[in-house]
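Visitor: Please find run.txt (compact mmCIF, C-alpha atoms) on the next line:
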# COMPACT_ATOMS: atom_id res chain seq x y z
CA MET A 22 34.80 -26.21 -17.52
CA PRO A 23 31.75 -26.34 -15.19
CA GLN A 24 30.59 -23.23 -13.35
CA THR A 25 31.03 -22.93 -9.60
CA ASP A 26 27.94 -22.29 -7.47
CA GLY A 27 29.04 -18.67 -7.06
CA GLU A 28 29.41 -18.13 -10.81
CA ARG A 29 26.07 -19.80 -11.50
CA LEU A 30 24.31 -17.67 -8.87
CA ASP A 31 26.03 -14.50 -10.12
CA ALA A 32 24.81 -15.25 -13.65
CA ARG A 33 21.30 -15.95 -12.37
CA ASN A 34 21.22 -12.78 -10.27
CA THR A 35 22.49 -10.73 -13.22
CA ASP A 36 19.72 -12.22 -15.36
CA ILE A 37 17.16 -11.40 -12.64
CA TRP A 38 18.39 -7.81 -12.48
CA ASN A 39 18.36 -7.41 -16.28
CA ARG A 40 14.85 -8.86 -16.58
CA TYR A 41 13.67 -6.56 -13.80
CA LEU A 42 15.16 -3.53 -15.58
CA ALA A 43 13.47 -4.72 -18.79
CA GLY A 44 10.11 -4.45 -17.05
CA TRP A 45 9.46 -8.01 -15.96
CA THR A 46 7.43 -8.33 -12.76
CA GLN A 47 9.01 -10.03 -9.78
CA THR A 48 6.35 -12.74 -10.01
CA ARG A 49 7.26 -13.46 -13.64
CA ILE A 50 10.99 -13.50 -12.82
CA ALA A 51 10.36 -15.90 -9.92
CA ALA A 52 8.44 -18.28 -12.19
CA HIS A 53 11.14 -18.09 -14.86
CA HIS A 54 13.90 -19.01 -12.38
CA HIS A 55 11.78 -21.41 -10.28
CA ILE A 56 12.37 -19.45 -7.09
CA SER A 57 10.01 -17.63 -4.73
CA HIS A 58 8.83 -14.08 -5.24
CA GLN A 59 10.38 -13.24 -1.85
CA ARG A 60 13.77 -14.53 -3.00
CA VAL A 61 13.60 -12.39 -6.15
CA SER A 62 12.85 -9.38 -3.95
CA GLN A 63 15.84 -10.22 -1.69
CA ILE A 64 18.16 -10.58 -4.70
CA LEU A 65 17.01 -7.24 -6.12
CA ASP A 66 17.54 -5.59 -2.72
CA GLU A 67 21.05 -7.09 -2.48
CA ILE A 68 21.92 -5.87 -5.97
CA ARG A 69 20.58 -2.38 -5.23
CA ALA A 70 22.62 -2.23 -2.00
CA SER A 71 25.79 -3.22 -3.90
CA ILE A 72 25.48 -0.41 -6.44
CA PRO A 73 27.72 2.62 -5.67
CA GLU A 74 25.84 5.85 -4.94
CA GLU A 75 26.95 7.63 -8.13
CA GLN A 76 25.59 4.76 -10.24
CA ARG A 77 22.42 4.53 -8.16
CA ARG A 78 21.04 7.96 -9.16
CA PRO A 79 20.30 7.06 -12.83
CA LEU A 80 18.70 3.80 -11.68
CA ILE A 81 16.48 5.68 -9.25
CA THR A 82 15.51 8.08 -12.04
CA THR A 83 14.63 5.13 -14.30
CA GLU A 84 12.63 3.43 -11.57
CA VAL A 85 10.74 6.63 -10.70
CA ALA A 86 9.85 7.04 -14.39
CA ARG A 87 8.57 3.45 -14.44
CA LEU A 88 6.48 4.04 -11.35
CA ASP A 89 5.13 7.27 -12.88
CA ASP A 90 4.04 5.32 -15.96
CA LEU A 91 2.32 2.69 -13.82
CA LEU A 92 0.59 5.40 -11.82
CA ALA A 93 -0.65 7.09 -15.02
CA ARG A 94 -2.09 3.77 -16.20
CA THR A 95 -3.75 3.32 -12.82
CA HIS A 96 -5.34 6.75 -13.12
CA SER A 97 -6.78 5.84 -16.52
CA VAL A 98 -8.55 2.90 -14.85
CA LEU A 99 -9.78 5.20 -12.09
CA ASN A 100 -11.22 7.67 -14.61
CA ARG A 101 -13.20 5.08 -16.62
CA THR A 102 -16.73 3.95 -15.84
CA HIS A 103 -16.97 0.23 -15.16
CA TRP A 104 -20.31 -1.57 -15.49
CA VAL A 105 -21.36 -4.65 -13.55
CA VAL A 106 -21.32 -7.59 -15.96
CA HIS A 107 -22.90 -10.98 -15.31
CA SER A 108 -22.72 -13.87 -17.79
CA GLY A 109 -21.39 -11.50 -20.42
CA GLU A 110 -24.29 -9.06 -20.06
CA ILE A 111 -24.35 -5.61 -18.47
CA VAL A 112 -26.54 -5.65 -15.36
CA TYR A 113 -29.33 -3.09 -15.09
CA ALA A 114 -31.16 -1.91 -11.99
CA PRO A 115 -34.78 -0.70 -12.05
CA ILE A 116 -35.31 3.00 -11.35
CA ASP A 117 -39.08 3.10 -11.43
CA TYR A 118 -41.83 0.49 -11.69
CA VAL A 119 -45.08 0.13 -13.63
CA ARG A 120 -48.04 0.63 -11.32
CA ASP A 121 -51.51 -0.90 -11.65
CA ASP A 122 -54.83 0.93 -11.11
CA ARG A 123 -54.52 0.59 -7.32
CA GLY A 124 -50.97 2.02 -7.33
CA ASP A 125 -49.32 -1.33 -6.61
CA ILE A 126 -46.24 -2.41 -8.54
CA ALA A 127 -47.34 -4.45 -11.56
CA LEU A 128 -45.82 -7.88 -12.07
CA ASP A 129 -44.93 -9.63 -15.31
CA GLU A 130 -45.97 -13.19 -16.25
CA GLU A 131 -43.14 -14.65 -14.15
CA GLY A 132 -44.06 -12.61 -11.07
CA HIS A 133 -41.21 -10.11 -11.33
CA PRO A 134 -41.82 -6.37 -10.91
CA ARG A 135 -42.13 -4.55 -14.24
CA ALA A 136 -39.75 -1.60 -14.53
CA THR A 137 -40.52 1.57 -16.48
CA SER A 138 -36.92 2.70 -16.48
CA VAL A 139 -33.58 1.08 -15.70
CA GLU A 140 -29.96 2.14 -15.44
CA ARG A 141 -26.70 0.27 -15.72
CA LEU A 142 -25.09 -0.69 -12.42
CA ILE A 143 -21.64 0.76 -11.84
CA ASP A 144 -18.97 -1.70 -10.72
CA ASP A 145 -16.75 -0.13 -8.05
CA ALA A 146 -14.39 -3.12 -7.79
CA PRO A 147 -12.02 -2.02 -10.59
CA VAL A 148 -11.80 1.47 -9.12
CA LEU A 149 -11.09 0.14 -5.64
CA ALA A 150 -8.43 -2.20 -7.07
CA ALA A 151 -6.87 0.74 -8.94
CA ILE A 152 -6.82 2.80 -5.74
CA ASP A 153 -5.10 -0.09 -3.95
CA ARG A 154 -2.56 -0.35 -6.77
CA ALA A 155 -1.95 3.43 -6.71
CA LEU A 156 -1.23 3.23 -2.98
CA LYS A 157 1.27 0.40 -3.55
CA ILE A 158 2.97 2.38 -6.32
CA SER A 159 3.12 5.40 -4.02
CA GLU A 160 4.66 3.28 -1.24
CA SER A 161 7.29 1.96 -3.67
CA ARG A 162 8.10 5.45 -4.83
CA ARG A 163 8.38 6.85 -1.29
CA ARG A 164 10.60 3.95 -0.25
CA LEU A 165 12.78 4.38 -3.35
CA LEU A 166 13.23 8.10 -2.71
CA GLY A 167 13.73 7.59 1.03
CA LEU A 168 10.71 9.69 1.93
CA ASP A 169 9.51 7.21 4.58
CA ALA A 170 12.86 7.00 6.35
CA PRO A 171 12.52 7.97 10.00
CA ALA A 172 13.83 11.43 10.75
CA LYS A 173 16.55 11.62 13.35
CA VAL A 174 15.67 14.37 15.81
CA GLU A 175 18.00 15.64 18.49
CA ASN A 176 16.89 17.99 21.20
CA THR A 177 19.57 20.67 20.99
CA GLY A 178 17.35 23.69 21.40
CA PRO A 179 17.89 26.34 24.03
CA GLY A 180 16.65 25.44 27.49
CA SER A 181 16.66 21.66 27.08
CA GLU A 182 18.68 21.27 30.30
CA GLU A 183 16.29 23.64 32.07
CA ALA A 184 13.34 21.61 30.78
CA ASP A 185 14.90 18.38 32.09
CA ALA A 186 15.52 20.02 35.49
CA ARG A 187 11.90 21.30 35.63
CA ILE A 188 10.51 17.85 34.74
CA THR A 189 12.67 16.27 37.47
CA GLU A 190 11.44 18.87 39.97
CA LEU A 191 7.78 18.23 39.05
CA LEU A 192 8.26 14.46 39.34
CA GLU A 193 9.78 14.87 42.81
CA GLN A 194 6.87 17.09 43.89
CA ALA A 195 4.35 14.54 42.57
CA ARG A 196 6.18 11.71 44.34
CA ALA A 197 6.23 13.67 47.65
CA HIS A 198 2.51 14.48 47.32
CA THR A 199 1.67 10.82 46.61
CA GLU A 200 3.69 9.67 49.63
CA ALA A 201 1.92 12.23 51.86
CA VAL A 202 -1.52 11.09 50.67
CA GLU A 203 -0.60 7.43 51.19
CA GLN A 204 0.65 8.23 54.74
CA ARG A 205 -2.64 9.99 55.60
CA ILE A 206 -4.60 6.98 54.31
CA ARG A 207 -2.49 4.63 56.46
CA ASN A 208 -3.13 6.87 59.48
CA GLY A 209 -6.86 6.68 58.82
CA ASP A 210 -7.18 10.30 57.70
CA THR A 211 -9.21 11.04 54.60
CA PRO A 212 -7.24 12.76 51.87
Take the structure in the file and give it back as C-alpha cells.
Guide:
Amino acid sequence: MPQTDGERLDARNTDIWNRYLAGWTQTRIAAHHHISHQRVSQILDEIRASIPEEQRRPLITTEVARLDDLLARTHSVLNRTHWVVHSGEIVYAPIDYVRDDRGDIALDEEGHPRATSVERLIDDAPVLAAIDRALKISESRRRLLGLDAPAKVENTGPGSEEADARITELLEQARAHTEAVEQRIRNGDTP
C-alpha cells in the first residue's frame, strides 16, 4: 500500500531529526534529502516545538553538551599557532637586512633585499574564523537556554502613579511655556 504525503513527510522529518541527533549538520541533512538548509531548520524547529516540556529537558541537556564539545574544539583552534602558507611552503618575513659598506640594504643577484634574519608569518585567518564560530555556538546555546528572550518588565513600583502625574504636569508646563514664547514672537517681542 503506497504512503500518503503525510506519512512520507512524517518519515522524512523523523529521519531528519534522527540524523540531526546523530550529529549530522543541517547542510549535510539538506543535501541528503534534496531540500534547502532553511527547510531543514524549519523542520527541526517544528519538531522541537512539538516535544512536551518534560521530554525537552534531556534534549536540551544533550544539545548543550554537543555545543560544549564544539566550543572546546573551537578553543583548540584558537590556542594553536597558524603559519601563513603559500604553494605548500611556510612564508617567512625578513626581520633584518644585510647592509653594504655605505649602510644601504644589500641586494642579491635578482635585485631582492638580502635578509640576515627571518621569522615565520602568523596567519590570523584561522583564529578569526574560530572566533566567529565560537560566537555562533554561543548564540545557539543562549537561544537554546532562552537566555536571549526579552525580559517582560512591568512598572509596579511605589510611586509610579505619582511619576506619571509629575511627567504630565511637566509636559503641560513645557507646552504653556512654548505657547507663550510663540505668542511673543507673533507679537514682535523678542523672547
Visitor: Give me, as a tab-separated table, each residue of region 127-151 of chain A that comes within 10 Å of region 83-101 of chain A, together with its shortest interatomic pair and the distance in Å at one decimal, counting all atoms listed in the file, with rows ordered by chain and rising residue number.
Guide:
residue	atom	partner	partner_atom	distance
A:Asp145	CA	A:Leu99	CA	9.7
A:Pro147	CA	A:Val98	CA	7.4
A:Val148	CA	A:Leu99	CA	5.2
A:Leu149	CA	A:Leu99	CA	8.3
A:Ala150	CA	A:Leu99	CA	9.0
A:Ala151	CA	A:Thr95	CA	5.6
Visitor: When you count only C-alpha atoms, which of these residues is closest to Ala146 (chain A): A:Thr46, A:Ser159, A:Ser108, A:Thr102?
Guide: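 Checking each of A:Thr46, A:Ser159, A:Ser108, A:Thr102 against Ala146 (chain A), counting only C-alpha atoms, the winner is A:Thr102.
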Visitor: Can you tell me how far CA of Asp169 (chain A) sits from CA of Asn34 (chain A), in Å to one decimal?
Guide: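 Computed distance, CA of Asp169 (chain A) to CA of Asn34 (chain A), equals 27.5 Å.
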Visitor: Looking at only C-alpha atoms, which of A:Ile152, A:Ile206, A:Ile143, A:Ala127 is the one that sits closest to Trp104 (chain A)?
Guide: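 Going through A:Ile152, A:Ile206, A:Ile143, A:Ala127 one by one, the smallest distance to Trp104 (chain A) is for A:Ile143.
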Visitor: Which of these residues is nearest to Asp117 (chain A), using all atoms listed in the file: A:Asn39, A:Val105, A:Ser138, A:Pro79?
Guide: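 Smallest separation from Asp117 (chain A) among the options: A:Ser138.
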Visitor: List every protein, DNA or RNA residue with an atom no more than 12 Å from (-28.1, -1.8, -17.7) in the file's coordinates, counting only C-alpha atoms, and format the result as a VMD selection string.
Guide: chain A and resid 103 to 107 110 to 116 138 to 144
Visitor: Tell me which residues come within 12 Å of (13.3, -11.3, -9.1), as a ChimeraX atom specification, counting all atoms listed in the file in the file's coordinates.
Guide: /A:33-68
Visitor: What separation in Å, quoted to one decimal, exists between CA of Ile81 (chain A) and CA of Asp153 (chain A)?
Guide: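 So the answer is 23.0 Å.
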Visitor: To one decimal place, how far is CA of Arg77 (chain A) from CA of Leu168 (chain A) in Å?
Guide: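 Separation between CA of Arg77 (chain A) and CA of Leu168 (chain A): 16.3 Å.
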Visitor: Please determine an axis-aligned box that encloses all atoms of region 76-95 of chain A listed in the file, with 6 Å added on each side, and express its centre and edge lengths in Å to one decimal as AutoDock Vina command-line options.
Guide:
--center_x 10.9 --center_y 5.4 --center_z -12.2 --size_x 41.3 --size_y 17.4 --size_z 20.0
Visitor: For Tyr118 (chain A), please output as a PDB file with C-alpha atoms, in the coordinates of the input all residues within 7 Å (counting all atoms listed in the file; exclusion window: fewer than 5 positions along the same chain).
Guide:
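Output below, filename selection_9.pdb:
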ATOM      1  CA  ILE A 126     -46.240  -2.410  -8.540  1.00  0.00           C
ATOM      2  CA  PRO A 134     -41.820  -6.370 -10.910  1.00  0.00           C
ATOM      3  CA  ARG A 135     -42.130  -4.550 -14.240  1.00  0.00           C
ATOM      4  CA  ALA A 136     -39.750  -1.600 -14.530  1.00  0.00           C
ATOM      5  CA  THR A 137     -40.520   1.570 -16.480  1.00  0.00           C
TER       6      THR A 137
END
Visitor: Using the structure just given, write a file holding all heavy atoms for region 104-120 of chain A, as a PDB file, in the first residue's frame.
Guide:
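Written output follows (result-v7.pdb):
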ATOM      1  N   TRP A 104      50.561  29.224  10.699  1.00  0.00           N
ATOM      2  CA  TRP A 104      51.527  29.927   9.855  1.00  0.00           C
ATOM      3  C   TRP A 104      50.919  30.211   8.500  1.00  0.00           C
ATOM      4  O   TRP A 104      50.113  29.433   7.988  1.00  0.00           O
ATOM      5  CB  TRP A 104      52.801  29.091   9.681  1.00  0.00           C
ATOM      6  CG  TRP A 104      53.399  28.648  10.974  1.00  0.00           C
ATOM      7  CD1 TRP A 104      53.524  27.373  11.420  1.00  0.00           C
ATOM      8  CD2 TRP A 104      53.942  29.470  12.008  1.00  0.00           C
ATOM      9  NE1 TRP A 104      54.112  27.341  12.656  1.00  0.00           N
ATOM     10  CE2 TRP A 104      54.388  28.630  13.046  1.00  0.00           C
ATOM     11  CE3 TRP A 104      54.105  30.840  12.173  1.00  0.00           C
ATOM     12  CZ2 TRP A 104      54.969  29.105  14.214  1.00  0.00           C
ATOM     13  CZ3 TRP A 104      54.682  31.315  13.336  1.00  0.00           C
ATOM     14  CH2 TRP A 104      55.108  30.466  14.342  1.00  0.00           C
ATOM     15  N   VAL A 105      51.324  31.318   7.887  1.00  0.00           N
ATOM     16  CA  VAL A 105      50.913  31.612   6.520  1.00  0.00           C
ATOM     17  C   VAL A 105      51.627  30.624   5.609  1.00  0.00           C
ATOM     18  O   VAL A 105      52.840  30.443   5.707  1.00  0.00           O
ATOM     19  CB  VAL A 105      51.276  33.068   6.129  1.00  0.00           C
ATOM     20  CG1 VAL A 105      50.982  33.316   4.654  1.00  0.00           C
ATOM     21  CG2 VAL A 105      50.539  34.069   7.002  1.00  0.00           C
ATOM     22  N   VAL A 106      50.854  29.976   4.742  1.00  0.00           N
ATOM     23  CA  VAL A 106      51.411  29.001   3.805  1.00  0.00           C
ATOM     24  C   VAL A 106      51.035  29.435   2.393  1.00  0.00           C
ATOM     25  O   VAL A 106      49.898  29.826   2.129  1.00  0.00           O
ATOM     26  CB  VAL A 106      50.863  27.583   4.090  1.00  0.00           C
ATOM     27  CG1 VAL A 106      51.364  26.587   3.058  1.00  0.00           C
ATOM     28  CG2 VAL A 106      51.233  27.153   5.497  1.00  0.00           C
ATOM     29  N   HIS A 107      52.029  29.387   1.498  1.00  0.00           N
ATOM     30  CA  HIS A 107      51.787  29.724   0.097  1.00  0.00           C
ATOM     31  C   HIS A 107      52.457  28.655  -0.755  1.00  0.00           C
ATOM     32  O   HIS A 107      53.642  28.373  -0.578  1.00  0.00           O
ATOM     33  CB  HIS A 107      52.354  31.114  -0.226  1.00  0.00           C
ATOM     34  CG  HIS A 107      52.161  31.519  -1.652  1.00  0.00           C
ATOM     35  ND1 HIS A 107      50.932  31.815  -2.162  1.00  0.00           N
ATOM     36  CD2 HIS A 107      53.043  31.650  -2.669  1.00  0.00           C
ATOM     37  CE1 HIS A 107      51.057  32.136  -3.438  1.00  0.00           C
ATOM     38  NE2 HIS A 107      52.336  32.032  -3.766  1.00  0.00           N
ATOM     39  N   SER A 108      51.702  28.056  -1.653  1.00  0.00           N
ATOM     40  CA  SER A 108      52.205  26.992  -2.527  1.00  0.00           C
ATOM     41  C   SER A 108      52.861  25.876  -1.725  1.00  0.00           C
ATOM     42  O   SER A 108      53.921  25.355  -2.092  1.00  0.00           O
ATOM     43  CB  SER A 108      53.191  27.557  -3.553  1.00  0.00           C
ATOM     44  OG  SER A 108      52.556  28.517  -4.370  1.00  0.00           O
ATOM     45  N   GLY A 109      52.268  25.556  -0.599  1.00  0.00           N
ATOM     46  CA  GLY A 109      52.757  24.457   0.218  1.00  0.00           C
ATOM     47  C   GLY A 109      53.973  24.785   1.070  1.00  0.00           C
ATOM     48  O   GLY A 109      54.523  23.909   1.727  1.00  0.00           O
ATOM     49  N   GLU A 110      54.397  26.029   1.073  1.00  0.00           N
ATOM     50  CA  GLU A 110      55.581  26.439   1.836  1.00  0.00           C
ATOM     51  C   GLU A 110      55.188  27.485   2.878  1.00  0.00           C
ATOM     52  O   GLU A 110      54.346  28.349   2.615  1.00  0.00           O
ATOM     53  CB  GLU A 110      56.626  27.069   0.896  1.00  0.00           C
ATOM     54  CG  GLU A 110      57.054  26.183  -0.247  1.00  0.00           C
ATOM     55  CD  GLU A 110      58.272  25.364   0.087  1.00  0.00           C
ATOM     56  OE1 GLU A 110      59.051  25.794   0.940  1.00  0.00           O
ATOM     57  OE2 GLU A 110      58.433  24.294  -0.524  1.00  0.00           O
ATOM     58  N   ILE A 111      55.793  27.405   4.046  1.00  0.00           N
ATOM     59  CA  ILE A 111      55.580  28.423   5.074  1.00  0.00           C
ATOM     60  C   ILE A 111      56.225  29.718   4.599  1.00  0.00           C
ATOM     61  O   ILE A 111      57.334  29.714   4.066  1.00  0.00           O
ATOM     62  CB  ILE A 111      56.170  27.979   6.424  1.00  0.00           C
ATOM     63  CG1 ILE A 111      55.389  26.772   6.951  1.00  0.00           C
ATOM     64  CG2 ILE A 111      56.154  29.123   7.431  1.00  0.00           C
ATOM     65  CD1 ILE A 111      55.933  26.201   8.239  1.00  0.00           C
ATOM     66  N   VAL A 112      55.532  30.821   4.777  1.00  0.00           N
ATOM     67  CA  VAL A 112      56.017  32.125   4.336  1.00  0.00           C
ATOM     68  C   VAL A 112      56.798  32.771   5.474  1.00  0.00           C
ATOM     69  O   VAL A 112      56.350  32.785   6.620  1.00  0.00           O
ATOM     70  CB  VAL A 112      54.847  33.029   3.902  1.00  0.00           C
ATOM     71  CG1 VAL A 112      55.325  34.414   3.517  1.00  0.00           C
ATOM     72  CG2 VAL A 112      54.065  32.373   2.763  1.00  0.00           C
ATOM     73  N   TYR A 113      57.959  33.326   5.128  1.00  0.00           N
ATOM     74  CA  TYR A 113      58.818  33.996   6.097  1.00  0.00           C
ATOM     75  C   TYR A 113      58.879  35.476   5.763  1.00  0.00           C
ATOM     76  O   TYR A 113      58.807  35.870   4.602  1.00  0.00           O
ATOM     77  CB  TYR A 113      60.232  33.405   6.062  1.00  0.00           C
ATOM     78  CG  TYR A 113      60.304  32.000   6.590  1.00  0.00           C
ATOM     79  CD1 TYR A 113      60.039  30.917   5.769  1.00  0.00           C
ATOM     80  CD2 TYR A 113      60.618  31.767   7.918  1.00  0.00           C
ATOM     81  CE1 TYR A 113      60.091  29.620   6.255  1.00  0.00           C
ATOM     82  CE2 TYR A 113      60.676  30.468   8.415  1.00  0.00           C
ATOM     83  CZ  TYR A 113      60.409  29.408   7.572  1.00  0.00           C
ATOM     84  OH  TYR A 113      60.464  28.140   8.064  1.00  0.00           O
ATOM     85  N   ALA A 114      59.035  36.288   6.801  1.00  0.00           N
ATOM     86  CA  ALA A 114      59.191  37.736   6.624  1.00  0.00           C
ATOM     87  C   ALA A 114      60.567  38.141   7.150  1.00  0.00           C
ATOM     88  O   ALA A 114      60.997  37.647   8.201  1.00  0.00           O
ATOM     89  CB  ALA A 114      58.111  38.489   7.385  1.00  0.00           C
ATOM     90  N   PRO A 115      61.263  39.018   6.421  1.00  0.00           N
ATOM     91  CA  PRO A 115      62.582  39.462   6.890  1.00  0.00           C
ATOM     92  C   PRO A 115      62.458  40.313   8.147  1.00  0.00           C
ATOM     93  O   PRO A 115      61.538  41.108   8.278  1.00  0.00           O
ATOM     94  CB  PRO A 115      63.130  40.285   5.732  1.00  0.00           C
ATOM     95  CG  PRO A 115      62.004  40.493   4.789  1.00  0.00           C
ATOM     96  CD  PRO A 115      60.896  39.588   5.149  1.00  0.00           C
ATOM     97  N   ILE A 116      63.408  40.115   9.065  1.00  0.00           N
ATOM     98  CA  ILE A 116      63.455  40.896  10.291  1.00  0.00           C
ATOM     99  C   ILE A 116      64.534  41.977  10.169  1.00  0.00           C
ATOM    100  O   ILE A 116      64.348  43.113  10.552  1.00  0.00           O
ATOM    101  CB  ILE A 116      63.771  40.001  11.510  1.00  0.00           C
ATOM    102  CG1 ILE A 116      62.752  38.893  11.634  1.00  0.00           C
ATOM    103  CG2 ILE A 116      63.842  40.813  12.788  1.00  0.00           C
ATOM    104  CD1 ILE A 116      61.364  39.343  11.910  1.00  0.00           C
ATOM    105  N   ASP A 117      65.654  41.573   9.610  1.00  0.00           N
ATOM    106  CA  ASP A 117      66.768  42.498   9.442  1.00  0.00           C
ATOM    107  C   ASP A 117      67.437  42.202   8.105  1.00  0.00           C
ATOM    108  O   ASP A 117      67.333  41.093   7.586  1.00  0.00           O
ATOM    109  CB  ASP A 117      67.769  42.335  10.599  1.00  0.00           C
ATOM    110  CG  ASP A 117      68.697  43.532  10.716  1.00  0.00           C
ATOM    111  OD1 ASP A 117      68.396  44.575  10.102  1.00  0.00           O
ATOM    112  OD2 ASP A 117      69.713  43.419  11.417  1.00  0.00           O
ATOM    113  N   TYR A 118      68.121  43.204   7.569  1.00  0.00           N
ATOM    114  CA  TYR A 118      68.733  43.068   6.249  1.00  0.00           C
ATOM    115  C   TYR A 118      70.251  43.192   6.323  1.00  0.00           C
ATOM    116  O   TYR A 118      70.795  43.868   7.203  1.00  0.00           O
ATOM    117  CB  TYR A 118      68.192  44.152   5.303  1.00  0.00           C
ATOM    118  CG  TYR A 118      66.717  44.021   5.045  1.00  0.00           C
ATOM    119  CD1 TYR A 118      65.787  44.766   5.761  1.00  0.00           C
ATOM    120  CD2 TYR A 118      66.256  43.134   4.083  1.00  0.00           C
ATOM    121  CE1 TYR A 118      64.426  44.637   5.519  1.00  0.00           C
ATOM    122  CE2 TYR A 118      64.897  42.999   3.841  1.00  0.00           C
ATOM    123  CZ  TYR A 118      63.992  43.750   4.555  1.00  0.00           C
ATOM    124  OH  TYR A 118      62.654  43.609   4.315  1.00  0.00           O
ATOM    125  N   VAL A 119      70.915  42.573   5.337  1.00  0.00           N
ATOM    126  CA  VAL A 119      72.362  42.725   5.176  1.00  0.00           C
ATOM    127  C   VAL A 119      72.612  44.129   4.648  1.00  0.00           C
ATOM    128  O   VAL A 119      71.903  44.606   3.770  1.00  0.00           O
ATOM    129  CB  VAL A 119      72.901  41.663   4.179  1.00  0.00           C
ATOM    130  CG1 VAL A 119      74.379  41.891   3.903  1.00  0.00           C
ATOM    131  CG2 VAL A 119      72.629  40.259   4.691  1.00  0.00           C
ATOM    132  N   ARG A 120      73.618  44.785   5.219  1.00  0.00           N
ATOM    133  CA  ARG A 120      73.947  46.151   4.796  1.00  0.00           C
ATOM    134  C   ARG A 120      75.327  46.147   4.130  1.00  0.00           C
ATOM    135  O   ARG A 120      76.218  45.414   4.529  1.00  0.00           O
ATOM    136  CB  ARG A 120      73.981  47.080   6.002  1.00  0.00           C
ATOM    137  CG  ARG A 120      72.691  47.068   6.800  1.00  0.00           C
ATOM    138  CD  ARG A 120      71.924  48.310   6.607  1.00  0.00           C
ATOM    139  NE  ARG A 120      70.647  48.225   7.309  1.00  0.00           N
ATOM    140  CZ  ARG A 120      69.586  48.849   6.886  1.00  0.00           C
ATOM    141  NH1 ARG A 120      69.642  49.573   5.813  1.00  0.00           N
ATOM    142  NH2 ARG A 120      68.454  48.753   7.535  1.00  0.00           N
TER     143      ARG A 120
END
